[in-house]
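Raw contents of query06.txt, compact mmCIF, C-alpha atoms (C1' of nucleotides):
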```txt
# COMPACT_ATOMS: atom_id res chain seq x y z
CA MET A 1 166.28 40.45 141.25
CA LEU A 2 165.25 41.98 144.51
CA THR A 3 165.18 45.23 142.58
CA ASN A 4 162.15 47.02 143.83
CA ARG A 5 160.40 49.44 141.48
CA SER A 6 161.60 47.59 138.42
CA TYR A 7 159.31 46.65 135.59
CA HIS A 8 159.52 43.00 136.47
CA HIS A 9 158.68 41.96 139.98
CA GLY A 10 161.18 39.16 140.22
CA ASP A 11 159.18 36.69 142.26
CA LEU A 12 155.58 37.54 141.67
CA ARG A 13 154.33 34.01 141.86
CA ARG A 14 155.70 33.54 145.33
CA ALA A 15 154.47 36.96 146.41
CA LEU A 16 150.99 36.16 145.15
CA LEU A 17 150.87 32.83 146.94
CA GLU A 18 152.16 34.38 150.13
CA ARG A 19 149.63 37.20 150.15
CA ALA A 20 146.88 34.83 149.08
CA GLY A 21 147.75 32.59 151.99
CA THR A 22 147.24 35.30 154.55
CA VAL A 23 144.04 36.52 152.91
CA LEU A 24 142.75 32.97 152.89
CA GLN A 25 143.60 32.55 156.54
CA GLU A 26 142.01 35.86 157.53
CA SER A 27 138.99 36.09 155.27
CA GLY A 28 138.38 32.78 153.51
CA ALA A 29 138.65 31.66 149.93
CA ASP A 30 135.67 33.69 148.76
CA ALA A 31 137.53 36.86 149.64
CA LEU A 32 140.39 36.01 147.29
CA SER A 33 140.46 38.28 144.25
CA LEU A 34 143.22 38.25 141.68
CA ARG A 35 142.83 41.98 141.14
CA LYS A 36 142.98 42.75 144.84
CA LEU A 37 146.05 40.58 145.29
CA ALA A 38 147.72 42.43 142.43
CA ARG A 39 146.82 45.75 144.03
CA ASP A 40 148.14 44.65 147.41
CA ILE A 41 151.43 43.64 145.88
CA GLY A 42 151.61 46.74 143.71
CA VAL A 43 151.39 45.23 140.29
CA SER A 44 148.90 45.61 137.47
CA HIS A 45 145.63 43.74 137.58
CA ALA A 46 146.51 41.38 134.74
CA ALA A 47 149.96 40.43 135.97
CA PRO A 48 148.79 37.44 138.02
CA ALA A 49 147.49 35.83 134.85
CA ARG A 50 151.10 35.14 133.82
CA HIS A 51 151.47 32.82 136.80
CA PHE A 52 147.93 31.55 137.30
CA PRO A 53 145.82 31.13 134.18
CA ASP A 54 142.69 31.66 136.20
CA ARG A 55 141.49 32.09 139.74
CA GLN A 56 141.01 28.38 140.15
CA ALA A 57 144.67 27.75 139.43
CA LEU A 58 145.60 29.97 142.36
CA LEU A 59 143.21 28.10 144.63
CA ASP A 60 144.66 24.81 143.42
CA ALA A 61 148.17 25.98 144.21
CA LEU A 62 147.06 27.06 147.68
CA ALA A 63 145.45 23.67 148.19
CA ALA A 64 148.52 21.80 147.01
CA ASP A 65 150.67 23.75 149.43
CA GLY A 66 148.14 23.17 152.18
CA PHE A 67 148.19 19.42 151.67
CA ASP A 68 151.96 19.57 151.74
CA ARG A 69 152.03 21.38 155.05
CA LEU A 70 149.41 19.05 156.46
CA ARG A 71 151.49 16.06 155.42
CA ALA A 72 154.58 17.52 157.07
CA ARG A 73 152.62 18.18 160.23
CA LEU A 74 151.22 14.66 160.37
CA GLU A 75 154.60 13.12 159.61
CA GLU A 76 156.11 15.04 162.48
CA ALA A 77 153.33 13.94 164.81
CA ALA A 78 153.58 10.32 163.67
CA ALA A 79 157.25 10.33 164.57
CA ALA A 80 156.63 11.51 168.10
CA PRO A 81 158.37 9.60 170.88
CA GLY A 82 156.38 7.12 172.89
CA GLN A 83 154.32 4.01 172.39
CA PHE A 84 151.93 3.36 169.54
CA ASP A 85 148.89 4.73 171.34
CA GLN A 86 150.79 7.84 172.22
CA GLN A 87 151.67 8.44 168.59
CA VAL A 88 148.10 7.92 167.46
CA ARG A 89 146.92 10.48 169.97
CA CYS A 90 149.64 12.83 168.82
CA VAL A 91 148.50 12.53 165.21
CA ALA A 92 144.91 13.10 166.22
CA GLY A 93 145.83 16.23 168.13
CA ALA A 94 147.99 17.51 165.30
CA TYR A 95 145.28 17.00 162.71
CA VAL A 96 142.56 18.74 164.65
CA ASP A 97 144.94 21.52 165.62
CA PHE A 98 145.89 22.09 162.01
CA ALA A 99 142.29 21.88 160.85
CA THR A 100 141.00 24.37 163.40
CA THR A 101 143.96 26.76 163.26
CA GLU A 102 143.66 26.96 159.49
CA ALA A 103 139.94 26.49 159.18
CA ASN A 104 139.60 28.35 155.89
CA LEU A 105 142.39 26.33 154.36
CA LEU A 106 140.78 23.11 155.51
CA GLU A 107 137.56 24.14 153.83
CA LEU A 108 139.44 24.82 150.62
CA LEU A 109 141.21 21.47 150.78
CA PHE A 110 138.04 19.42 150.95
CA ALA A 111 135.59 21.71 149.26
CA HIS A 112 137.22 21.97 145.94
CA ASN A 113 138.26 18.49 144.99
CA LYS A 114 134.92 17.64 143.49
CA GLY A 115 135.47 19.33 140.17
CA GLY A 116 137.84 18.90 137.32
CA SER A 117 141.37 19.21 138.65
CA ALA A 118 140.99 15.89 140.41
CA GLY A 119 144.35 14.34 139.66
CA VAL A 120 146.89 16.55 141.33
CA LEU A 121 144.83 17.48 144.36
CA ASP A 122 143.71 13.94 145.00
CA GLN A 123 147.33 12.90 145.00
CA GLY A 124 148.06 15.67 147.47
CA ALA A 125 145.35 14.38 149.77
CA VAL A 126 146.57 10.82 149.50
CA ASP A 127 150.12 11.91 150.24
CA ALA A 128 148.98 13.99 153.19
CA PHE A 129 147.31 11.01 154.77
CA ALA A 130 150.08 8.57 153.96
CA PRO A 131 151.97 9.04 157.25
CA THR A 132 148.80 8.29 159.18
CA LEU A 133 148.16 5.11 157.23
CA GLU A 134 151.80 4.20 157.84
CA ILE A 135 151.26 4.41 161.57
CA PHE A 136 148.46 1.90 161.39
CA ARG A 137 150.56 -0.45 159.30
CA ARG A 138 153.32 -0.18 161.87
CA GLY A 139 150.82 -0.81 164.63
CA GLN A 140 149.78 -4.01 162.95
CA THR A 141 153.32 -5.32 162.41
CA GLU A 142 154.13 -4.44 166.01
CA GLY A 143 151.09 -6.41 167.09
CA ARG A 144 149.43 -3.41 168.70
CA LEU A 145 146.52 -3.70 166.30
CA PRO A 146 144.65 -6.72 164.95
CA ALA A 147 145.00 -7.63 161.30
CA GLY A 148 142.75 -6.02 158.74
CA ASP A 149 142.82 -3.50 155.95
CA PRO A 150 145.00 -0.67 157.29
CA VAL A 151 143.66 1.73 154.69
CA ARG A 152 140.13 1.25 155.87
CA LEU A 153 141.17 1.68 159.48
CA GLY A 154 143.11 4.80 158.63
CA LEU A 155 140.24 6.29 156.68
CA ILE A 156 137.83 5.80 159.55
CA PHE A 157 140.35 7.37 161.91
CA ILE A 158 140.95 10.35 159.65
CA ALA A 159 137.24 10.73 158.97
CA THR A 160 136.56 10.98 162.68
CA LEU A 161 139.18 13.67 163.15
CA GLN A 162 138.02 15.52 160.06
CA GLY A 163 134.45 15.42 161.33
CA ILE A 164 135.42 16.69 164.75
CA ALA A 165 137.36 19.52 163.18
CA VAL A 166 134.43 20.49 160.98
CA LEU A 167 132.02 20.44 163.91
CA ALA A 168 134.44 22.60 165.86
CA ASN A 169 134.92 25.04 162.99
CA SER A 170 131.18 25.31 162.54
CA GLY A 171 130.83 26.32 166.16
CA ILE A 172 128.76 23.25 166.98
CA THR A 173 131.17 22.20 169.70
CA ARG A 174 132.77 24.67 172.05
CA SER A 175 136.51 24.91 171.69
CA ASP A 176 137.17 24.14 175.33
CA GLN A 177 135.38 20.83 174.87
CA LEU A 178 137.47 19.93 171.87
CA ARG A 179 140.38 18.25 173.63
CA PRO A 180 138.32 15.81 175.70
CA LEU A 181 136.23 15.06 172.64
CA ILE A 182 139.34 14.06 170.68
CA ASP A 183 140.66 11.99 173.58
CA GLU A 184 137.43 10.10 173.96
CA ALA A 185 137.11 9.56 170.23
CA VAL A 186 140.59 8.08 169.99
CA THR A 187 140.01 5.94 173.06
CA HIS A 188 136.79 4.51 171.67
CA PHE A 189 138.35 4.01 168.28
CA LEU A 190 141.32 2.04 169.59
CA ARG A 191 139.13 -0.06 171.88
CA GLY A 192 136.68 -0.74 169.09
CA VAL A 193 139.37 -1.82 166.71
CA ARG A 194 141.06 -4.05 169.25
CA SER A 195 137.97 -5.83 170.49
CA SER A 196 137.09 -6.83 166.95
CA ALA A 197 139.56 -9.73 166.80
CA MET B 1 97.66 34.76 143.24
CA LEU B 2 98.67 32.10 140.75
CA THR B 3 98.20 34.81 138.13
CA ASN B 4 100.96 34.24 135.65
CA ARG B 5 102.23 37.16 133.60
CA SER B 6 101.10 39.65 136.18
CA TYR B 7 103.26 42.44 137.47
CA HIS B 8 103.65 40.65 140.75
CA HIS B 9 104.94 37.14 140.66
CA GLY B 10 102.83 35.86 143.50
CA ASP B 11 105.29 33.50 145.13
CA LEU B 12 108.69 34.74 144.10
CA ARG B 13 110.40 33.79 147.32
CA ARG B 14 109.43 30.17 146.97
CA ALA B 15 110.32 30.18 143.28
CA LEU B 16 113.74 31.61 144.06
CA LEU B 17 114.45 29.05 146.74
CA GLU B 18 113.29 26.23 144.51
CA ARG B 19 115.40 27.26 141.57
CA ALA B 20 118.35 28.02 143.86
CA GLY B 21 118.04 24.55 145.32
CA THR B 22 118.45 22.86 141.98
CA VAL B 23 121.30 25.14 140.94
CA LEU B 24 123.03 24.42 144.24
CA GLN B 25 122.58 20.69 143.72
CA GLU B 26 123.83 20.79 140.14
CA SER B 27 126.58 23.40 140.25
CA GLY B 28 127.41 24.30 143.83
CA ALA B 29 126.95 27.41 145.91
CA ASP B 30 129.53 29.43 143.99
CA ALA B 31 127.38 29.16 140.89
CA LEU B 32 124.44 30.85 142.59
CA SER B 33 123.79 34.32 141.25
CA LEU B 34 120.82 36.44 142.23
CA ARG B 35 120.68 37.96 138.77
CA LYS B 36 120.79 34.61 137.04
CA LEU B 37 118.09 33.24 139.30
CA ALA B 38 115.93 36.24 138.46
CA ARG B 39 116.57 35.69 134.76
CA ASP B 40 115.71 31.99 135.03
CA ILE B 41 112.44 32.78 136.73
CA GLY B 42 111.67 35.63 134.37
CA VAL B 43 111.74 38.54 136.70
CA SER B 44 113.87 41.66 136.86
CA HIS B 45 117.35 41.50 138.32
CA ALA B 46 116.51 43.49 141.43
CA ALA B 47 113.34 41.64 142.32
CA PRO B 48 115.07 39.03 144.53
CA ALA B 49 116.25 41.83 146.82
CA ARG B 50 112.68 42.21 148.10
CA HIS B 51 112.88 38.71 149.55
CA PHE B 52 116.59 38.32 150.29
CA PRO B 53 118.44 41.47 151.34
CA ASP B 54 121.66 40.06 149.97
CA ARG B 55 123.11 36.94 148.49
CA GLN B 56 124.10 35.65 151.88
CA ALA B 57 120.50 35.73 153.04
CA LEU B 58 119.58 33.38 150.21
CA LEU B 59 122.38 31.02 151.17
CA ASP B 60 121.24 31.16 154.78
CA ALA B 61 117.71 30.26 153.78
CA LEU B 62 118.99 27.34 151.70
CA ALA B 63 121.06 26.18 154.66
CA ALA B 64 118.15 26.45 157.07
CA ASP B 65 116.00 24.38 154.75
CA GLY B 66 118.83 21.90 154.33
CA PHE B 67 119.19 21.41 158.05
CA ASP B 68 115.46 20.93 158.26
CA ARG B 69 115.47 18.21 155.64
CA LEU B 70 118.47 16.57 157.25
CA ARG B 71 116.68 16.55 160.57
CA ALA B 72 113.60 14.97 159.01
CA ARG B 73 115.75 12.34 157.34
CA LEU B 74 117.57 11.47 160.54
CA GLU B 75 114.36 11.39 162.52
CA GLU B 76 112.90 8.95 160.07
CA ALA B 77 116.00 6.77 160.21
CA ALA B 78 116.08 6.87 164.02
CA ALA B 79 112.54 5.58 164.11
CA ALA B 80 113.35 2.57 161.95
CA PRO B 81 112.13 -0.79 163.19
CA GLY B 82 114.56 -3.12 164.84
CA GLN B 83 116.94 -3.19 167.74
CA PHE B 84 119.10 -0.34 168.93
CA ASP B 85 122.12 -1.33 166.84
CA GLN B 86 119.95 -1.60 163.79
CA GLN B 87 118.66 1.92 164.30
CA VAL B 88 122.14 3.31 164.77
CA ARG B 89 123.23 1.71 161.52
CA CYS B 90 120.17 3.09 159.83
CA VAL B 91 120.97 6.62 161.01
CA ALA B 92 124.55 6.24 159.84
CA GLY B 93 123.44 5.12 156.42
CA ALA B 94 120.88 7.90 156.17
CA TYR B 95 123.38 10.56 157.11
CA VAL B 96 126.04 9.49 154.65
CA ASP B 97 123.44 8.98 151.95
CA PHE B 98 122.08 12.48 152.48
CA ALA B 99 125.55 13.98 152.66
CA THR B 100 126.76 12.36 149.46
CA THR B 101 123.54 12.74 147.49
CA GLU B 102 123.47 16.44 148.30
CA ALA B 103 127.17 17.06 148.48
CA ASN B 104 126.97 20.73 147.55
CA LEU B 105 124.32 21.33 150.16
CA LEU B 106 126.42 19.60 152.78
CA GLU B 107 129.30 21.88 151.96
CA LEU B 108 127.06 24.89 152.35
CA LEU B 109 125.74 23.67 155.68
CA PHE B 110 129.13 23.38 157.30
CA ALA B 111 131.10 25.91 155.35
CA HIS B 112 129.06 28.90 156.16
CA ASN B 113 128.45 28.78 159.84
CA LYS B 114 131.72 30.41 160.72
CA GLY B 115 130.68 33.95 160.06
CA GLY B 116 128.13 36.28 161.46
CA SER B 117 124.73 34.64 161.21
CA ALA B 118 125.71 32.16 163.88
CA GLY B 119 122.51 32.08 165.86
CA VAL B 120 119.86 30.73 163.53
CA LEU B 121 122.04 28.33 161.62
CA ASP B 122 123.67 26.91 164.71
CA GLN B 123 120.22 26.21 166.06
CA GLY B 124 119.38 24.47 162.80
CA ALA B 125 122.43 22.25 163.13
CA VAL B 126 121.65 21.45 166.73
CA ASP B 127 118.07 20.59 165.82
CA ALA B 128 119.21 18.45 162.92
CA PHE B 129 121.38 16.36 165.19
CA ALA B 130 118.87 16.15 168.01
CA PRO B 131 117.25 12.90 166.83
CA THR B 132 120.65 11.24 166.74
CA LEU B 133 121.49 12.35 170.25
CA GLU B 134 118.07 11.12 171.30
CA ILE B 135 118.92 7.65 170.03
CA PHE B 136 121.97 7.51 172.22
CA ARG B 137 120.00 8.65 175.25
CA ARG B 138 117.49 5.93 174.55
CA GLY B 139 120.28 3.41 174.16
CA GLN B 140 121.53 4.32 177.59
CA THR B 141 118.17 4.07 179.31
CA GLU B 142 117.58 0.74 177.58
CA GLY B 143 120.93 -0.43 178.86
CA ARG B 144 122.34 -1.00 175.40
CA LEU B 145 125.03 1.60 176.06
CA PRO B 146 127.13 2.31 179.12
CA ALA B 147 126.56 5.53 181.06
CA GLY B 148 128.34 8.67 180.00
CA ASP B 149 127.69 12.00 178.33
CA PRO B 150 125.33 11.17 175.46
CA VAL B 151 126.10 14.47 173.75
CA ARG B 152 129.77 13.66 173.55
CA LEU B 153 129.02 10.18 172.24
CA GLY B 154 126.64 11.56 169.65
CA LEU B 155 129.11 14.19 168.50
CA ILE B 156 131.82 11.59 167.96
CA PHE B 157 129.36 9.45 166.06
CA ILE B 158 128.19 12.31 163.86
CA ALA B 159 131.74 13.52 163.34
CA THR B 160 132.75 10.11 162.03
CA LEU B 161 129.87 10.04 159.58
CA GLN B 162 130.49 13.61 158.54
CA GLY B 163 134.14 12.82 157.96
CA ILE B 164 133.38 9.75 155.91
CA ALA B 165 130.96 11.74 153.80
CA VAL B 166 133.52 14.47 153.20
CA LEU B 167 136.19 11.96 152.23
CA ALA B 168 133.72 10.35 149.84
CA ASN B 169 132.67 13.68 148.35
CA SER B 170 136.29 14.64 147.86
CA GLY B 171 136.85 11.48 145.87
CA ILE B 172 139.34 10.14 148.39
CA THR B 173 137.34 6.98 148.90
CA ARG B 174 135.67 5.18 146.03
CA SER B 175 131.91 5.15 146.25
CA ASP B 176 131.69 1.36 146.06
CA GLN B 177 133.82 1.14 149.19
CA LEU B 178 131.57 3.52 151.06
CA ARG B 179 129.07 1.04 152.47
CA PRO B 180 131.63 -1.34 154.05
CA LEU B 181 133.48 1.68 155.39
CA ILE B 182 130.37 2.90 157.17
CA ASP B 183 129.58 -0.56 158.49
CA GLU B 184 133.04 -1.02 159.88
CA ALA B 185 133.08 2.45 161.40
CA VAL B 186 129.80 1.85 163.21
CA THR B 187 130.92 -1.57 164.35
CA HIS B 188 134.13 -0.22 165.82
CA PHE B 189 132.33 2.71 167.35
CA LEU B 190 129.77 0.58 169.16
CA ARG B 191 132.40 -1.89 170.33
CA GLY B 192 134.65 0.89 171.52
CA VAL B 193 131.90 2.57 173.46
CA ARG B 194 130.74 -0.66 175.06
CA SER B 195 134.12 -1.92 176.15
CA SER B 196 134.78 1.33 177.98
CA ALA B 197 132.74 0.41 181.07
C1' DC C 1 88.09 56.06 147.39
C1' DA C 2 92.36 57.62 148.74
C1' DA C 3 96.50 56.60 150.94
C1' DC C 4 99.98 53.47 151.87
C1' DA C 5 102.93 49.50 151.98
C1' DA C 6 104.44 45.53 149.52
C1' DA C 7 106.46 43.85 145.42
C1' DG C 8 108.56 44.44 140.83
C1' DT C 9 111.22 47.50 137.28
C1' DT C 10 114.82 50.36 135.46
C1' DG C 11 119.21 52.28 135.62
C1' DG C 12 123.61 53.06 137.62
C1' DC C 13 127.99 52.05 140.18
C1' DA C 14 132.10 49.60 141.41
C1' DA C 15 134.47 45.30 141.41
C1' DC C 16 135.62 41.12 139.39
C1' DG C 17 137.44 37.44 135.95
C1' DC C 18 139.05 36.98 131.63
C1' DC C 19 140.67 38.48 126.99
C1' DT C 20 143.63 41.06 123.55
C1' DA C 21 147.13 44.17 122.24
C1' DC C 22 151.17 46.39 123.62
C1' DA C 23 155.60 47.48 126.45
C1' DT C 24 159.69 46.10 128.78
C1' DC C 25 163.27 43.25 130.34
C1' DC C 26 166.51 39.32 130.32
C1' DG C 27 169.27 35.65 128.39
C1' DG C 28 171.13 33.02 124.71
C1' DT C 29 173.27 33.34 120.31
C1' DA C 30 175.14 35.10 115.85
C1' DT D 1 178.74 43.16 121.07
C1' DA D 2 174.48 43.44 119.00
C1' DC D 3 170.19 41.43 118.49
C1' DC D 4 166.26 38.88 118.87
C1' DG D 5 162.74 36.04 121.10
C1' DG D 6 160.40 34.52 125.06
C1' DA D 7 159.00 35.63 129.55
C1' DT D 8 156.92 38.99 132.34
C1' DG D 9 154.27 43.15 133.29
C1' DT D 10 150.87 46.98 131.53
C1' DA D 11 146.70 49.18 129.60
C1' DG D 12 142.20 48.81 128.24
C1' DG D 13 137.92 46.60 127.20
C1' DC D 14 133.87 43.21 127.73
C1' DG D 15 130.37 40.86 130.14
C1' DT D 16 128.71 39.53 134.72
C1' DT D 17 127.76 40.29 139.38
C1' DG D 18 126.04 42.40 143.98
C1' DC D 19 124.17 46.25 145.76
C1' DC D 20 121.82 50.83 145.80
C1' DA D 21 118.39 54.51 144.60
C1' DA D 22 114.33 56.19 142.18
C1' DC D 23 110.23 54.98 140.05
C1' DT D 24 105.82 52.05 138.96
C1' DT D 25 102.31 48.85 139.77
C1' DT D 26 99.25 46.34 142.72
C1' DG D 27 96.39 45.19 146.47
C1' DT D 28 94.84 46.16 151.05
C1' DT D 29 93.02 48.87 154.49
C1' DG D 30 91.12 52.83 156.96
```
Starting from the file, give its structure as structure tokens.
Amino acid sequence: MLTNRSYHHGDLRRALLERAGTVLQESGADALSLRKLARDIGVSHAAPARHFPDRQALLDALAADGFDRLRARLEEAAAAPGQFDQQVRCVAGAYVDFATTEANLLELLFAHNKGGSAGVLDQGAVDAFAPTLEIFRRGQTEGRLPAGDPVRLGLIFIATLQGIAVLANSGITRSDQLRPLIDEAVTHFLRGVRSSA
Amino acid sequence: MLTNRSYHHGDLRRALLERAGTVLQESGADALSLRKLARDIGVSHAAPARHFPDRQALLDALAADGFDRLRARLEEAAAAPGQFDQQVRCVAGAYVDFATTEANLLELLFAHNKGGSAGVLDQGAVDAFAPTLEIFRRGQTEGRLPAGDPVRLGLIFIATLQGIAVLANSGITRSDQLRPLIDEAVTHFLRGVRSSA
DNA sequence: CAACAAAGTTGGCAACGCCTACATCCGGTA
DNA sequence: TACCGGATGTAGGCGTTGCCAACTTTGTTG
């Protein structure tokens, strides 16, 4: 392994995913071509097929990894020091930051789940949002939130952040207005939830 | 015009858009092929180029029409009979209904704005959301909402709906749980906004 | 009526995804 | 140690696509 110029690459799958990740980030999912990736890496055009049966499998792998990184990011934010409200705001900021920094990845994550490969990717999405739901459960047990279905609360919260990120990525809201928009959204959300008891 | 079987189609642009609309609805934007559209309509493979310089131009036209229909739908919902809250709920329902019924179109609307053709499409998005912002302005003048930037309020509202629709389209929330989710989101939103004064 | 522009056709090019057949390398086993 | 089989990479081909250029038909207009 690590032998350059050998017949076998040694870690082609990883190399493909790595290169694909940067192409995705820079040019979007539509720009991803198995043949071009192979060329970039210096391998024949059919080599990727050994690791990804078709183009969709590569996209799925990118999505799975994306959900994983999103989950890690949200977990980290959810564990931030401070009171409950502080943590919620931290999660909100982390989500929108992730979603706008990796806009093309975000599009891939939510654009492609419709089709056939539902199982694995859906699980990835559920896992990614688990830490956020956990925060709301904790908020309830700590008495910082009224009782109610934490999943529904969490979904509304995530939906709001997701929507803000999409509006930002579409250029509908200017990026310098993003931070106050998030702050106000979270403020209204927490007030709305609390005044419902 | 209306002459079938003639050398010139007569209304090829409209025919292309119509066919493209159904293909988009049934199979998504990725499945749209200029050559296939031409074949479906019964015209040569290069004919579409006279009306759409490239594939992107067709997608842009579909998006522009989509924003137009969304705007009409939201305008209609905003003009529903009843009190302010009732109208807001009506708009929310209309938006999510549109976004889930035409999931592939929704994806196209918000996926493609990133790139170059910013101007026209951005305007379409702004126009589409205008009726919703108008509702919030009206709510303020009628005293049903506290003072504040109506644009920011409207964006948060739309973002929440957009997020819920995306989560639904991605299969993250079951469709039978969609209606209560919307209701609760609107309820919390209105309460949160009102208790901010 | 002749000229011209708009609209449609034919053919070609390069790139792509996917398939099949073949080459090479590595690791377990006789 | 020799070998053999599976995993990995290569070479080439097929059908489709987007885009381009050259040509034809049609309808309008001076």
Inset, instruction - Please provide as a list of chain:residue names all residues within 10 Å of C:DA6, with the sequence filter that same-chain residues fewer than 3 positions apart are discarded (counting all atoms listed in the file). - result: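 The residues satisfying every condition are B:Arg50, D:DT26, D:DG27, D:DT28.
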Would you save the residues from that selection as a compact mmCIF listing (two decimals), in the frame of the given file, using C-alpha atoms (C1' of nucleotides)?
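The resulting selection_24.txt:
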```
# COMPACT_ATOMS: atom_id res chain seq x y z
CA ARG B 50 112.68 42.21 148.10
C1' DT D 26 99.25 46.34 142.72
C1' DG D 27 96.39 45.19 146.47
C1' DT D 28 94.84 46.16 151.05
```
Inset, instruction - Find the residues in chain C near chain B: any atom within 10 Å counts, using all atoms listed in the file. Write them as a list of chain:residue names. - result: C:DA6, C:DA7, C:DG8, C:DT9, C:DT10
Save out the residues we just selected, C-alpha atoms (C1' of nucleotides), as a PDB file, in the frame of the given file.
```
ATOM      1  C1'  DA C   6     104.440  45.530 149.520  1.00  0.00           C
ATOM      2  C1'  DA C   7     106.460  43.850 145.420  1.00  0.00           C
ATOM      3  C1'  DG C   8     108.560  44.440 140.830  1.00  0.00           C
ATOM      4  C1'  DT C   9     111.220  47.500 137.280  1.00  0.00           C
ATOM      5  C1'  DT C  10     114.820  50.360 135.460  1.00  0.00           C
TER       6       DT C  10
END
```
Legend entry - C:DA23 surroundings by all atoms listed in the file, 12 Å radius, close-in-sequence under 2 positions cut, as a list in words: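 Counting all atoms listed in the file, the residues come to Tyr7 and His8 of chain A; DA21 and DC25 of chain C; DT8, DG9, DT10 and DA11 of chain D.
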Inset, instruction - Could you tell me which of D:DC23, D:DG5, D:DG30, D:DT17 comes closest to chain B if we count all atoms listed in the file? - result: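 Among the listed residues, the smallest separation from chain B belongs to D:DT17.
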Inset, instruction - Calculate how many Å separate atom CA of A:Ser170 from atom CA of B:Leu109, rounding to one decimal. - result: 8.9 Å
Legend entry - Atom pair atom CA of A:Arg179 / atom CA of A:Gln86: separation (Å): 14.8 Å
Centre and size of axis-aligned box enclosing stretch 130-146 of chain A plus 8 Å each side, as AutoDock Vina command-line options:
```
--center_x 149.4 --center_y 1.2 --center_z 161.3 --size_x 25.5 --size_y 31.8 --size_z 30.7
```
Inset, instruction - Would you mind reading off the distance between atom CA of B:Leu167 and atom CA of B:Val96, one decimal, in Å? - result: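 Interatomic distance, atom CA of B:Leu167 to atom CA of B:Val96: 10.7 Å.
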Return as a Markdown table the residues of stretch 149-191 of chain B lying at most 12 Å from stretch 133-154 of chain A, together with the closest atom-to-atom pair for each and the distance in Å to one decimal, counting only C-alpha atoms, with rows in chain order and ascending residue number.
```
| residue | atom | partner | partner_atom | distance |
| --- | --- | --- | --- | --- |
| B:Ile164 | CA | A:Arg152 | CA | 10.9 |
| B:Leu167 | CA | A:Gly154 | CA | 11.8 |
| B:Ile172 | CA | A:Val151 | CA | 11.4 |
| B:Thr173 | CA | A:Arg152 | CA | 9.4 |
| B:Arg174 | CA | A:Arg152 | CA | 11.5 |
| B:Gln177 | CA | A:Arg152 | CA | 9.2 |
| B:Leu178 | CA | A:Arg152 | CA | 10.1 |
| B:Arg179 | CA | A:Arg152 | CA | 11.6 |
| B:Pro180 | CA | A:Arg152 | CA | 9.1 |
| B:Leu181 | CA | A:Arg152 | CA | 6.7 |
| B:Ile182 | CA | A:Arg152 | CA | 10.0 |
| B:Asp183 | CA | A:Arg152 | CA | 11.0 |
| B:Glu184 | CA | A:Arg152 | CA | 8.5 |
| B:Ala185 | CA | A:Leu153 | CA | 8.4 |
| B:Val186 | CA | A:Leu153 | CA | 12.0 |
| B:Thr187 | CA | A:Leu153 | CA | 11.8 |
| B:His188 | CA | A:Leu153 | CA | 9.7 |
| B:Phe189 | CA | A:Leu153 | CA | 11.9 |
```
Inset, instruction - Would you mind telling me which residue in B:Arg13, B:Arg39, B:Arg55, B:Arg19 lies nearest to chain D when using all atoms listed in the file? - result: B:Arg55
Legend entry - Residue nearest chain B - candidates A:Ala15, A:Ala80, A:Ala94, A:Ala29, atoms counted: all atoms listed in the file: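 With all atoms listed in the file as the atom set, the closest residue is A:Ala29.
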Inset, instruction - Report as a PyMOL selection string the set of chain A residues whose atoms approach chain B to within 6 Å, with distances computed over only C-alpha atoms. - result: chain A and resi 110+113-114+159-160+162-164+170+188-189+191-193
Legend entry - Local residues around (134.2, 43.3, 127.8), at most 12 Å away, using only C-alpha atoms (C1' of nucleotides), as a ChimeraX atom specification: /C:16-20 /D:12-16
